[in-house]
Amino acid sequence: MSSPILKLSNVNKSFGPIDVLHDISLEVRAGEVLCLLGDNGAGKSTLIKILSGVYQPSSGAIEMDGAAERFDTPRVAADKGIATVHQFGGTFPLMSIGRSFFVGVEPTKGWGPFKVFDRKRANAVAVDAVQRLGISRITDGDRLVGGLSGGERQSLAIARAVHFGARVLILDEPTAALGVKQAAHVLRIVNEAKRRGLAVIFITHQVMHAMAVGDHFAVLIRGAIAADFRKGEKTREEITDLMAGGETMSTLEAEIEGYMASHDGHPPQNLSEVPIAPGVRS
Amino acid sequence: MTDQTPTFSIGALLRRPETGSFLGLATVFIFFTIFGGTNFASVSGAASWLNVAASLGIIAIPIGLLMIAGELDISIGSLIPAGSMTIAIISGHFQMPIVLGIGAALALGALVGLVNGLLVVRTAVPSFIVTLGTLFAVAGLTLGLSVLITGTTSVALKAGPEAKWLLGRFIGGVFQVTILWWIAAVLGFGFLLHFTRFGNWILAMGGDKVSARNAGIPTDRMTILLFMCSGVSATFVGLSQAILYNSAQVSAGQSYIFNAIISVVVGGVLLTGGYGSVVGIVLGTLTFAIVNQGIYYTGFDANWASLIIGVLLLLAVLMNNTFRKMALSYAPKKKGVK
């Protein structure tokens with residue numbers, strides 16, 4: 001097995017008195033997809049903000065290629081090849097595909113004060129980069145980003161990261177707002193990025209999506225890693241149960257059905273009304 | 001690679017930010033040509049609205065760029081008289097060389113712009129509030145210092161022939177030389193916004209400031225520079241008016257605040273930033289000037305001009321929204337043959 005590109009050891013993060021992350025140790029390897037699973041509030045976003053340089057860990061170490069590393073700003077992390085793609089692509093809806101692709105690193109032609117933005121080249125490169133990831137429907141670099149579908153926007157953002165030489169790709173819930181077909185598109189592109197040797201960190205709470213692309217899984221519960229396993233070691237039900245914080249979904253469902261049976265078919269107004277079955281950790 | 005076939009298409013034209021404003025301009029122009037008679041379309045008629053458009057346009061363009069970048073500057077309203085008074089006091093009251101007066105007025109604009117920009121960047125207070133503060137502060141300073149130094153609120157300025165030729169001349173007897181300065185500003189800022197990488201940065205800043213900063217764009221420096229541009233443009237208009245009319249008053253220019261914003265919005269710039277064009281702002285400025293001046297050539301009472309402008313503004317915003325939606329939903333038609 002190759003050595004990890006990015007390694008976290010015993011990373012803690014607290015905001016004042018509140019501990020958000022607790023002893024996180026993780027490894028990401030080239031050509032591998034690490035799925036970070038967890039319910040809302042489990043600390044997934046804090047973790048990716050540490051990886052992308054938005055926050056600094058309170059304690060613990062980050063290593064890149066075996067050497068200690070600090071990401072003081074998002075810019076530093078980006079320069080080291082860590083690219084983050086957010087849920088809505090982090091793009092500019094009213095800019096053209098070519099323009100938004102090259103924001104901050106515009107290609108120019110000409111000289112001196114008459115250096116002009118090379119629109120043709122920007123459009124051609126952007127369209128080419130997206131098409132090589134397998135999205136053949138984007139052919140016109142003058143189209144506005146806001147006119148693309150959610151999946152196409154994600155693909156564009158991923159294509160941008162790949163084009164600019166990202167080594168670690170962090171995808172923050174890329175499929176959460178997408179329909180089934182669009183999500184499949186994005187998952188295919190995640191696989192393509194993996195095939196090209198990128199390390200991908202895929203954050204999601206959809207177990208199906210994680211299992212479709214993941215090689216390595218980590219489940220976060222209340223800021224700590226509750227489980228760390230490789231592909232094929234756990235079933236879908238086991239993962240879902242882990243994410244729900246140990247309570248087995250099937251038990252919960254049975255309890256709700258039991259409640260409805262004894263209350264004229266009304267579902268419980270809140271879950272605390274449901275008697276917790278003995279032996280289940282709350 | 002995609003095939004590049006440069007074909008003319010109406011669809012591509014409709015997706016440009018300035019389409020709506022062009023239709024608006026055409027409408028008001030035809031309207032006033034019909035109701036204004038031959039005088040409106042004559043040379044002197046054209047001069048009357050071009051002169052208004054020129055000094056408004058010089059300010060509207062940097063204001064428009066600021067709005068595209070997601071900011072607003074209303075301090076221009078008192079920077080115009082401040083620029084006029086600066087040159088009139090230095091070169092009129094104290095009889096110093098006109099170059100000094102021009103330099104001081106432009107420096108004042110740059111300084112107030114710098115203060116605006118720094119306050120917006122450092123405090124994160126909305127730029128509307130920051131520039132509302134400097135609007136009043138500069139107005140107070142202008143009034144207070146003018147009375148303190150000269151004892152009046154109106155100062156005469158006798159500019160030499162060179163300054164007159166450059167800034168206060170009538171070409172052909174009717175066209176203010178300001179029109180040429182406006183054209184220069186249009187070309188300069190148009191090149192900046194649409195052809196350089198800085199233009200891309202401005203669009204990106206208005207679209208999503210955090211993403212723009214993360215992409216490595218020096219958003220703070222750009223914001224400050226844009227505020228300085230609008231400050232300098234305001235004092236430039238102020239000083240050229242003082243040279244043109246041979247005097248300066250402390251209270252002239254508040255109307256420019258809304259007129260500039262109207263011109264920019266009619267010109268298709270999105271109020272929340274991220275979308276717009278210099279050509280659109282020019283068309284918006286011309287539309288505003290035509291309505292403002294054209295009313296005098298019609299048989300209508302001039303009091304109705306504001307009504308027309310108000311209705312026009314609302315129509316323009318609605319129309320621009322429609323065109324923007326068209327631009328967003330546009331996708332190339334699937335061709336039968338590949």
# chains A, B, ... in the order shown; residues from 1 in each chain; ligands from 1
$ residues_around --residues "region 160-175 of chain B" --least-positions-apart "2" --cutoff "10 Å" --atoms "only C-alpha atoms" --output "PyMOL selection string"
chain B and resi 43-51+54+97-99+102+157-158+177-181+236-237+239-246
$ residues_around --residues "Thr298 (chain B)" --least-positions-apart "2" --cutoff "12 Å" --atoms "only C-alpha atoms" --output "MDAnalysis selection string"
chainID B and resid 31:41 45 290:296 300:305
$ write_last_selection --atoms "C-alpha atoms" --output "PDB file, in the first residue's frame"
ATOM      1  CA  PHE B  31     -41.057  58.600 -27.842  1.00  0.00           C
ATOM      2  CA  PHE B  32     -39.357  61.990 -27.513  1.00  0.00           C
ATOM      3  CA  THR B  33     -38.591  62.258 -31.210  1.00  0.00           C
ATOM      4  CA  ILE B  34     -42.329  61.928 -31.872  1.00  0.00           C
ATOM      5  CA  PHE B  35     -43.529  64.198 -29.060  1.00  0.00           C
ATOM      6  CA  GLY B  36     -40.544  66.535 -28.916  1.00  0.00           C
ATOM      7  CA  GLY B  37     -40.714  67.540 -32.547  1.00  0.00           C
ATOM      8  CA  THR B  38     -37.775  68.616 -34.628  1.00  0.00           C
ATOM      9  CA  ASN B  39     -36.050  70.527 -31.823  1.00  0.00           C
ATOM     10  CA  PHE B  40     -35.374  67.377 -29.814  1.00  0.00           C
ATOM     11  CA  ALA B  41     -33.642  65.629 -32.681  1.00  0.00           C
ATOM     12  CA  GLY B  45     -31.361  69.146 -28.722  1.00  0.00           C
ATOM     13  CA  ILE B 290     -32.964  61.839 -22.693  1.00  0.00           C
ATOM     14  CA  VAL B 291     -35.943  61.583 -20.346  1.00  0.00           C
ATOM     15  CA  ASN B 292     -34.557  64.337 -18.133  1.00  0.00           C
ATOM     16  CA  GLN B 293     -33.998  66.793 -20.987  1.00  0.00           C
ATOM     17  CA  GLY B 294     -36.449  65.518 -23.582  1.00  0.00           C
ATOM     18  CA  ILE B 295     -39.428  66.531 -21.487  1.00  0.00           C
ATOM     19  CA  TYR B 296     -38.612  70.212 -22.146  1.00  0.00           C
ATOM     20  CA  PHE B 300     -45.828  68.302 -21.283  1.00  0.00           C
ATOM     21  CA  ASP B 301     -45.218  70.012 -17.966  1.00  0.00           C
ATOM     22  CA  ALA B 302     -41.593  69.282 -16.940  1.00  0.00           C
ATOM     23  CA  ASN B 303     -42.880  68.097 -13.566  1.00  0.00           C
ATOM     24  CA  TRP B 304     -43.865  64.831 -15.209  1.00  0.00           C
ATOM     25  CA  ALA B 305     -40.242  63.900 -15.917  1.00  0.00           C
TER      26      ALA B 305
END
$ atom_distance --atom1 "CA of Tyr275 (chain B)" --atom2 "CA of Val162 (chain A)"
27.3 Å
$ interface_residues --of "chain A" --to "chain B" --cutoff "6 Å" --atoms "only C-alpha atoms" --output "PDB file with C-alpha atoms, in the first residue's frame"
ATOM      1  CA  PHE A  92     -20.240  32.348  -9.648  1.00  0.00           C
ATOM      2  CA  GLY A 104      -7.755  34.387 -10.091  1.00  0.00           C
ATOM      3  CA  GLU A 106      -6.854  34.203 -15.923  1.00  0.00           C
ATOM      4  CA  VAL A 116      -6.232  41.070 -22.384  1.00  0.00           C
ATOM      5  CA  PHE A 117      -8.155  38.157 -20.950  1.00  0.00           C
ATOM      6  CA  LEU A 144     -23.412  31.097 -17.568  1.00  0.00           C
ATOM      7  CA  GLY A 146     -26.024  29.515 -13.111  1.00  0.00           C
ATOM      8  CA  GLY A 147     -27.667  27.871 -16.108  1.00  0.00           C
TER       9      GLY A 147
END
$ residues_around --residues "Leu318 (chain B)" --least-positions-apart "4" --cutoff "12 Å" --atoms "only C-alpha atoms" --output "number ranges by chain"
B: 20-21, 24, 265-266, 268, 270, 311-314, 322-325
$ atom_distance --atom1 "CA of Gly238 (chain B)" --atom2 "CA of Ser84 (chain B)"
4.5 Å
$ select_by_dssp --residues "region 80-305 of chain B" --states "strand (DSSP E)" --output "list in words"
Ser154, Val155, Ala156, Phe170, Ile171, Phe175, Gln176, Ser247, Ala248 and Gln249 of chain B
$ closest_residue --among "B:Ile76, B:Val264, B:Ile89, B:Leu283" --to "Gly133 (chain B)" --atoms "only C-alpha atoms"
B:Ile76
$ atom_distance --atom1 "CA of Ile30 (chain B)" --atom2 "CA of Ala289 (chain B)"
14.1 Å
$ select_by_dssp --residues "region 138-274 of chain B" --states "alpha helix (DSSP H)" --output "ChimeraX atom specification"
/B:138-150,161-167,178-195,197-207,209-214,219-245,254-266
$ residues_around --residues "Leu56 (chain B)" --least-positions-apart "3" --cutoff "8 Å" --atoms "only C-alpha atoms" --output "list in words"
Val52, Ala53, Ile59, Ala60, Tyr256, Asn259, Ala260 and Thr285 of chain B
$ write_last_selection --atoms "C-alpha atoms" --output "CSV table (one decimal), in the first residue's frame"
chain,number,residue,atom,x,y,z
B,52,VAL,CA,-26.2,66.0,-19.1
B,53,ALA,CA,-25.3,62.4,-19.9
B,59,ILE,CA,-19.6,59.2,-12.4
B,60,ALA,CA,-22.0,56.4,-13.3
B,256,TYR,CA,-26.2,62.8,-8.8
B,259,ASN,CA,-29.3,59.7,-11.0
B,260,ALA,CA,-26.1,57.7,-11.1
B,285,THR,CA,-27.1,57.1,-18.7
